[in-house]
Amino acid sequence: MRFDFSATAPEVAQRLIGATLTVDGVGGVIVETEAYDQSDPASHSYAGKTARNASMFGPPGRAYVYRSYGLHWCLNAVCMPAGHGAGVLIRALEPTVGIETMQHRRRIQEVRLLCAGPGRLCQALGVDRSHDGSRLDRKPFRLVASSTRELLVTNGVRIGISHSRELSWRFALAGSRFLSRPMTAGAS
DNA sequence: TCGCCGATGTTCT
DNA sequence: GAACATCGGCGAT
């Protein structure tokens, strides 16, 4: 079934766990996400709309692709409320289809590390700036909601940020061996 | 297995 | 000029 983006970033981030994402038929099952929104100092949208983050302020269900640390690409899904800079960073996939293509693009064999991290995931799926602003329900993207009813999803502190550590807006499939890093629990 | 470091686009001070 | 939603390679443990 098609994925519904008419919800806030934390809700969408949780529901994306277990969904299947492919780009031109290459990808797998989402096992790790993080939510961001405009009220959050750790978010790219916090300081308002700029040329880089413009697609975060566009319609939900589209891609926001940005360059990280000068070299890597990172893929986000834009969420509700529309025009408010809310989004979900896709951090890791369990590779299921097109594994040979991903191994070739990443120049490694180890399947566990093909998509274990936002930069690695974009390299494996061939995502770059040309996908920024594209709809996630149209080619080359394909996003299918999880068919499993009950998935064990854990949440905790987001990775690589210094602001808003109190928000447990990182979500992951419990026990997955395809995460970018082990989950660390937030403050209780 | 851990931690430091370099590469370097975009934004902010 | 510095920070940053990162990664891979290197040398030290």
# chains A, B, ... in the order shown; residues from 1 in each chain; ligands from 1

call {"tool": "residues_around", "arguments": {"residues": "Phe57 in chain A", "least_positions_apart": "2", "cutoff": "7 Å", "atoms": "only C-alpha atoms (C1' of nucleotides)", "output": "number ranges by chain"}}
result
A: 49, 54-55, 59, 82-85

call {"tool": "interface_residues", "arguments": {"of": "chain A", "to": "chain C", "cutoff": "8 Å", "atoms": "only C-alpha atoms (C1' of nucleotides)", "output": "PyMOL selection string"}}
result
chain A and resi 42-43+68-69+72+89+118-120+159-161

call {"tool": "residues_around", "arguments": {"residues": "Gly58 in chain A", "least_positions_apart": "2", "cutoff": "12 Å", "atoms": "only C-alpha atoms (C1' of nucleotides)", "output": "NGL selection string"}}
result
:A and (45 or 49 or 53-56 or 60-64 or 77-87 or 132-135)

call {"tool": "write_last_selection", "arguments": {"atoms": "N, CA and C atoms", "output": "PDB file, in the first residue's frame"}}
result
ATOM      1  N   SER A  45      15.731  23.331   9.235  1.00  0.00           N
ATOM      2  CA  SER A  45      14.657  24.285   8.970  1.00  0.00           C
ATOM      3  C   SER A  45      14.472  25.294  10.107  1.00  0.00           C
ATOM      4  N   LYS A  49      13.538  29.265   5.893  1.00  0.00           N
ATOM      5  CA  LYS A  49      13.750  28.751   4.548  1.00  0.00           C
ATOM      6  C   LYS A  49      14.987  29.358   3.902  1.00  0.00           C
ATOM      7  N   ASN A  53      17.405  24.331   1.924  1.00  0.00           N
ATOM      8  CA  ASN A  53      16.346  23.542   2.559  1.00  0.00           C
ATOM      9  C   ASN A  53      14.954  23.837   1.992  1.00  0.00           C
ATOM     10  N   ALA A  54      14.873  24.523   0.858  1.00  0.00           N
ATOM     11  CA  ALA A  54      13.577  24.966   0.326  1.00  0.00           C
ATOM     12  C   ALA A  54      12.574  23.825   0.222  1.00  0.00           C
ATOM     13  N   SER A  55      13.009  22.639  -0.160  1.00  0.00           N
ATOM     14  CA  SER A  55      12.031  21.556  -0.348  1.00  0.00           C
ATOM     15  C   SER A  55      11.440  21.082   0.972  1.00  0.00           C
ATOM     16  N   MET A  56      12.123  21.357   2.101  1.00  0.00           N
ATOM     17  CA  MET A  56      11.534  21.029   3.408  1.00  0.00           C
ATOM     18  C   MET A  56      10.272  21.835   3.668  1.00  0.00           C
ATOM     19  N   PRO A  60       4.286  17.814   1.680  1.00  0.00           N
ATOM     20  CA  PRO A  60       4.699  16.553   2.295  1.00  0.00           C
ATOM     21  C   PRO A  60       4.797  15.441   1.247  1.00  0.00           C
ATOM     22  N   GLY A  61       5.575  14.416   1.576  1.00  0.00           N
ATOM     23  CA  GLY A  61       5.701  13.281   0.675  1.00  0.00           C
ATOM     24  C   GLY A  61       6.758  13.473  -0.390  1.00  0.00           C
ATOM     25  N   ARG A  62       7.535  14.538  -0.272  1.00  0.00           N
ATOM     26  CA  ARG A  62       8.611  14.756  -1.244  1.00  0.00           C
ATOM     27  C   ARG A  62       9.958  14.569  -0.571  1.00  0.00           C
ATOM     28  N   ALA A  63      11.002  14.505  -1.401  1.00  0.00           N
ATOM     29  CA  ALA A  63      12.357  14.302  -0.889  1.00  0.00           C
ATOM     30  C   ALA A  63      13.029  15.645  -0.608  1.00  0.00           C
ATOM     31  N   TYR A  64      13.785  15.695   0.485  1.00  0.00           N
ATOM     32  CA  TYR A  64      14.716  16.790   0.737  1.00  0.00           C
ATOM     33  C   TYR A  64      16.100  16.149   0.789  1.00  0.00           C
ATOM     34  N   ALA A  77      12.351  12.730   4.123  1.00  0.00           N
ATOM     35  CA  ALA A  77      10.976  12.766   3.633  1.00  0.00           C
ATOM     36  C   ALA A  77      10.276  13.949   4.291  1.00  0.00           C
ATOM     37  N   VAL A  78       9.673  14.832   3.493  1.00  0.00           N
ATOM     38  CA  VAL A  78       8.987  16.008   4.019  1.00  0.00           C
ATOM     39  C   VAL A  78       7.643  15.597   4.621  1.00  0.00           C
ATOM     40  N   CYS A  79       7.321  16.159   5.802  1.00  0.00           N
ATOM     41  CA  CYS A  79       6.102  15.781   6.535  1.00  0.00           C
ATOM     42  C   CYS A  79       5.177  16.978   6.755  1.00  0.00           C
ATOM     43  N   MET A  80       4.095  16.741   7.517  1.00  0.00           N
ATOM     44  CA  MET A  80       3.158  17.788   7.920  1.00  0.00           C
ATOM     45  C   MET A  80       3.690  18.488   9.171  1.00  0.00           C
ATOM     46  N   PRO A  81       3.299  19.700   9.479  1.00  0.00           N
ATOM     47  CA  PRO A  81       2.417  20.496   8.642  1.00  0.00           C
ATOM     48  C   PRO A  81       3.158  21.090   7.451  1.00  0.00           C
ATOM     49  N   ALA A  82       2.524  21.091   6.306  1.00  0.00           N
ATOM     50  CA  ALA A  82       3.145  21.593   5.074  1.00  0.00           C
ATOM     51  C   ALA A  82       3.614  23.031   5.261  1.00  0.00           C
ATOM     52  N   GLY A  83       4.754  23.339   4.723  1.00  0.00           N
ATOM     53  CA  GLY A  83       5.274  24.699   4.766  1.00  0.00           C
ATOM     54  C   GLY A  83       5.943  25.059   6.070  1.00  0.00           C
ATOM     55  N   HIS A  84       6.102  24.063   6.976  1.00  0.00           N
ATOM     56  CA  HIS A  84       6.687  24.350   8.282  1.00  0.00           C
ATOM     57  C   HIS A  84       8.039  23.670   8.511  1.00  0.00           C
ATOM     58  N   GLY A  85       8.619  23.109   7.445  1.00  0.00           N
ATOM     59  CA  GLY A  85       9.965  22.579   7.571  1.00  0.00           C
ATOM     60  C   GLY A  85      10.088  21.344   8.424  1.00  0.00           C
ATOM     61  N   ALA A  86       9.095  20.458   8.375  1.00  0.00           N
ATOM     62  CA  ALA A  86       9.174  19.200   9.124  1.00  0.00           C
ATOM     63  C   ALA A  86       9.615  18.078   8.196  1.00  0.00           C
ATOM     64  N   GLY A  87      10.454  17.176   8.714  1.00  0.00           N
ATOM     65  CA  GLY A  87      10.928  16.092   7.867  1.00  0.00           C
ATOM     66  C   GLY A  87      11.507  14.941   8.661  1.00  0.00           C
ATOM     67  N   ASP A 132      16.316  16.033  -5.155  1.00  0.00           N
ATOM     68  CA  ASP A 132      15.750  16.988  -4.196  1.00  0.00           C
ATOM     69  C   ASP A 132      14.426  17.532  -4.723  1.00  0.00           C
ATOM     70  N   GLY A 133      13.380  17.454  -3.911  1.00  0.00           N
ATOM     71  CA  GLY A 133      12.067  17.966  -4.299  1.00  0.00           C
ATOM     72  C   GLY A 133      11.202  16.960  -5.032  1.00  0.00           C
ATOM     73  N   SER A 134      11.733  15.772  -5.335  1.00  0.00           N
ATOM     74  CA  SER A 134      10.966  14.768  -6.075  1.00  0.00           C
ATOM     75  C   SER A 134       9.919  14.109  -5.181  1.00  0.00           C
ATOM     76  N   ARG A 135       8.820  13.679  -5.793  1.00  0.00           N
ATOM     77  CA  ARG A 135       7.795  12.945  -5.046  1.00  0.00           C
ATOM     78  C   ARG A 135       8.284  11.544  -4.732  1.00  0.00           C
TER      79      ARG A 135
END

call {"tool": "closest_atom_pairs", "arguments": {"of": "chain B", "to": "chain A", "cutoff": "10 Å", "atoms": "only C-alpha atoms (C1' of nucleotides)", "output": "Markdown table"}}
result
| residue | atom | partner | partner_atom | distance |
| --- | --- | --- | --- | --- |
| B:DA7 | C1' | A:Leu71 | CA | 7.3 |
| B:DT8 | C1' | A:Gly70 | CA | 4.3 |
| B:DG9 | C1' | A:Gly70 | CA | 4.4 |
| B:DT10 | C1' | A:Arg52 | CA | 7.3 |
| B:DT11 | C1' | A:Thr50 | CA | 9.1 |
| B:DC12 | C1' | A:Ala47 | CA | 9.6 |

call {"tool": "residues_around", "arguments": {"residues": "Ala19 in chain A", "least_positions_apart": "2", "cutoff": "8 Å", "atoms": "only C-alpha atoms (C1' of nucleotides)", "output": "ChimeraX atom specification"}}
result
/A:15-17,21,29-30,143-146

call {"tool": "write_last_selection", "arguments": {"atoms": "all heavy atoms", "output": "mmCIF file, in the first residue's frame"}}
result
data_model
loop_
_atom_site.group_PDB
_atom_site.id
_atom_site.type_symbol
_atom_site.label_atom_id
_atom_site.label_comp_id
_atom_site.auth_asym_id
_atom_site.auth_seq_id
_atom_site.Cartn_x
_atom_site.Cartn_y
_atom_site.Cartn_z
ATOM 1 N N ARG A 15 6.404 5.411 11.709
ATOM 2 C CA ARG A 15 5.694 4.540 10.768
ATOM 3 C C ARG A 15 6.546 4.125 9.574
ATOM 4 O O ARG A 15 6.234 3.146 8.891
ATOM 5 C CB ARG A 15 4.417 5.232 10.280
ATOM 6 C CG ARG A 15 3.305 5.199 11.319
ATOM 7 C CD ARG A 15 1.941 5.509 10.730
ATOM 8 N NE ARG A 15 1.796 6.902 10.333
ATOM 9 C CZ ARG A 15 1.812 7.316 9.071
ATOM 10 N NH1 ARG A 15 1.967 6.460 8.085
ATOM 11 N NH2 ARG A 15 1.668 8.587 8.790
ATOM 12 N N LEU A 16 7.610 4.882 9.308
ATOM 13 C CA LEU A 16 8.484 4.508 8.190
ATOM 14 C C LEU A 16 9.312 3.261 8.501
ATOM 15 O O LEU A 16 9.773 2.573 7.589
ATOM 16 C CB LEU A 16 9.434 5.662 7.854
ATOM 17 C CG LEU A 16 8.892 6.735 6.906
ATOM 18 C CD1 LEU A 16 9.873 7.897 6.810
ATOM 19 C CD2 LEU A 16 8.636 6.155 5.519
ATOM 20 N N ILE A 17 9.505 2.964 9.797
ATOM 21 C CA ILE A 17 10.252 1.762 10.164
ATOM 22 C C ILE A 17 9.483 0.528 9.672
ATOM 23 O O ILE A 17 8.316 0.361 9.997
ATOM 24 C CB ILE A 17 10.445 1.668 11.696
ATOM 25 C CG1 ILE A 17 11.193 2.900 12.232
ATOM 26 C CG2 ILE A 17 11.182 0.380 12.059
ATOM 27 C CD1 ILE A 17 12.594 3.071 11.692
ATOM 28 N N LEU A 21 11.696 0.927 0.807
ATOM 29 C CA LEU A 21 12.061 2.049 -0.061
ATOM 30 C C LEU A 21 13.026 1.562 -1.132
ATOM 31 O O LEU A 21 14.052 0.937 -0.828
ATOM 32 C CB LEU A 21 12.741 3.156 0.766
ATOM 33 C CG LEU A 21 13.349 4.302 -0.032
ATOM 34 C CD1 LEU A 21 12.263 5.150 -0.684
ATOM 35 C CD2 LEU A 21 14.243 5.167 0.839
ATOM 36 N N VAL A 29 14.384 -2.462 3.285
ATOM 37 C CA VAL A 29 13.453 -2.145 4.367
ATOM 38 C C VAL A 29 14.071 -1.093 5.290
ATOM 39 O O VAL A 29 15.196 -1.264 5.775
ATOM 40 C CB VAL A 29 13.113 -3.402 5.179
ATOM 41 C CG1 VAL A 29 12.174 -3.073 6.334
ATOM 42 C CG2 VAL A 29 12.488 -4.455 4.269
ATOM 43 N N ILE A 30 13.341 -0.010 5.540
ATOM 44 C CA ILE A 30 13.831 1.061 6.409
ATOM 45 C C ILE A 30 13.910 0.553 7.849
ATOM 46 O O ILE A 30 12.923 0.044 8.386
ATOM 47 C CB ILE A 30 12.910 2.294 6.327
ATOM 48 C CG1 ILE A 30 12.933 2.868 4.903
ATOM 49 C CG2 ILE A 30 13.338 3.353 7.341
ATOM 50 C CD1 ILE A 30 11.923 3.985 4.667
ATOM 51 N N LEU A 143 7.830 3.560 -2.477
ATOM 52 C CA LEU A 143 7.766 3.437 -1.022
ATOM 53 C C LEU A 143 6.506 2.675 -0.661
ATOM 54 O O LEU A 143 5.400 3.121 -0.978
ATOM 55 C CB LEU A 143 7.751 4.836 -0.389
ATOM 56 C CG LEU A 143 7.751 4.887 1.132
ATOM 57 C CD1 LEU A 143 8.988 4.214 1.704
ATOM 58 C CD2 LEU A 143 7.711 6.342 1.586
ATOM 59 N N VAL A 144 6.670 1.532 -0.001
ATOM 60 C CA VAL A 144 5.538 0.670 0.353
ATOM 61 C C VAL A 144 5.484 0.520 1.863
ATOM 62 O O VAL A 144 6.473 0.134 2.486
ATOM 63 C CB VAL A 144 5.677 -0.717 -0.307
ATOM 64 C CG1 VAL A 144 4.478 -1.593 0.034
ATOM 65 C CG2 VAL A 144 5.833 -0.577 -1.810
ATOM 66 N N ALA A 145 4.342 0.850 2.453
ATOM 67 C CA ALA A 145 4.184 0.750 3.904
ATOM 68 C C ALA A 145 4.339 -0.695 4.349
ATOM 69 O O ALA A 145 4.097 -1.631 3.591
ATOM 70 C CB ALA A 145 2.817 1.286 4.320
ATOM 71 N N SER A 146 4.718 -0.864 5.590
ATOM 72 C CA SER A 146 4.906 -2.204 6.139
ATOM 73 C C SER A 146 3.606 -2.986 6.118
ATOM 74 O O SER A 146 2.545 -2.459 6.441
ATOM 75 C CB SER A 146 5.425 -2.097 7.566
ATOM 76 O OG SER A 146 5.382 -3.358 8.189
#

call {"tool": "atom_distance", "arguments": {"atom1": "C1' of DC5 in chain B", "atom2": "CA of Gly117 in chain A"}}
result
19.5 Å

call {"tool": "atom_distance", "arguments": {"atom1": "CA of Asn155 in chain A", "atom2": "CA of Leu75 in chain A"}}
result
19.6 Å

call {"tool": "select_by_dssp", "arguments": {"residues": "chain A", "states": "alpha helix (DSSP H)", "output": "JSON, numbers by chain"}}
result
{"A": [9, 10, 11, 12, 13, 14, 15, 16, 99, 100, 101, 102, 103, 104, 105, 106, 118, 119, 120, 121, 122, 123, 124, 125]}

call {"tool": "select_by_dssp", "arguments": {"residues": "range 23-174 of chain A", "states": "strand (DSSP E or B)", "output": "PyMOL selection string"}}
result
chain A and resi 23+26-36+62-68+72-78+87-97+116+135+141-144+153-156+170-173

call {"tool": "atom_distance", "arguments": {"atom1": "CA of Glu34 in chain A", "atom2": "CA of Ala9 in chain A"}}
result
8.4 Å

call {"tool": "decode", "arguments": {"residues": "chain C", "atoms": "C-alpha atoms (C1' of nucleotides)", "output": "PDB file, in the first residue's frame"}}
result
ATOM      1  C1'  DG C   1      36.302  31.699  10.525  1.00  0.00           C
ATOM      2  C1'  DA C   2      33.648  27.917  12.604  1.00  0.00           C
ATOM      3  C1'  DA C   3      30.007  24.508  13.080  1.00  0.00           C
ATOM      4  C1'  DC C   4      27.718  20.709  11.102  1.00  0.00           C
ATOM      5  C1'  DA C   5      21.819  15.497  10.707  1.00  0.00           C
ATOM      6  C1'  DT C   6      29.220  11.893   7.897  1.00  0.00           C
ATOM      7  C1'  DC C   7      32.392   8.444   6.445  1.00  0.00           C
ATOM      8  C1'  DG C   8      36.604   5.784   5.766  1.00  0.00           C
ATOM      9  C1'  DG C   9      41.429   5.192   6.786  1.00  0.00           C
ATOM     10  C1'  DC C  10      44.894   5.167   9.937  1.00  0.00           C
ATOM     11  C1'  DG C  11      47.536   4.200  14.197  1.00  0.00           C
ATOM     12  C1'  DA C  12      47.121   3.189  19.002  1.00  0.00           C
ATOM     13  C1'  DT C  13      45.130   0.008  22.471  1.00  0.00           C
TER      14       DT C  13
END
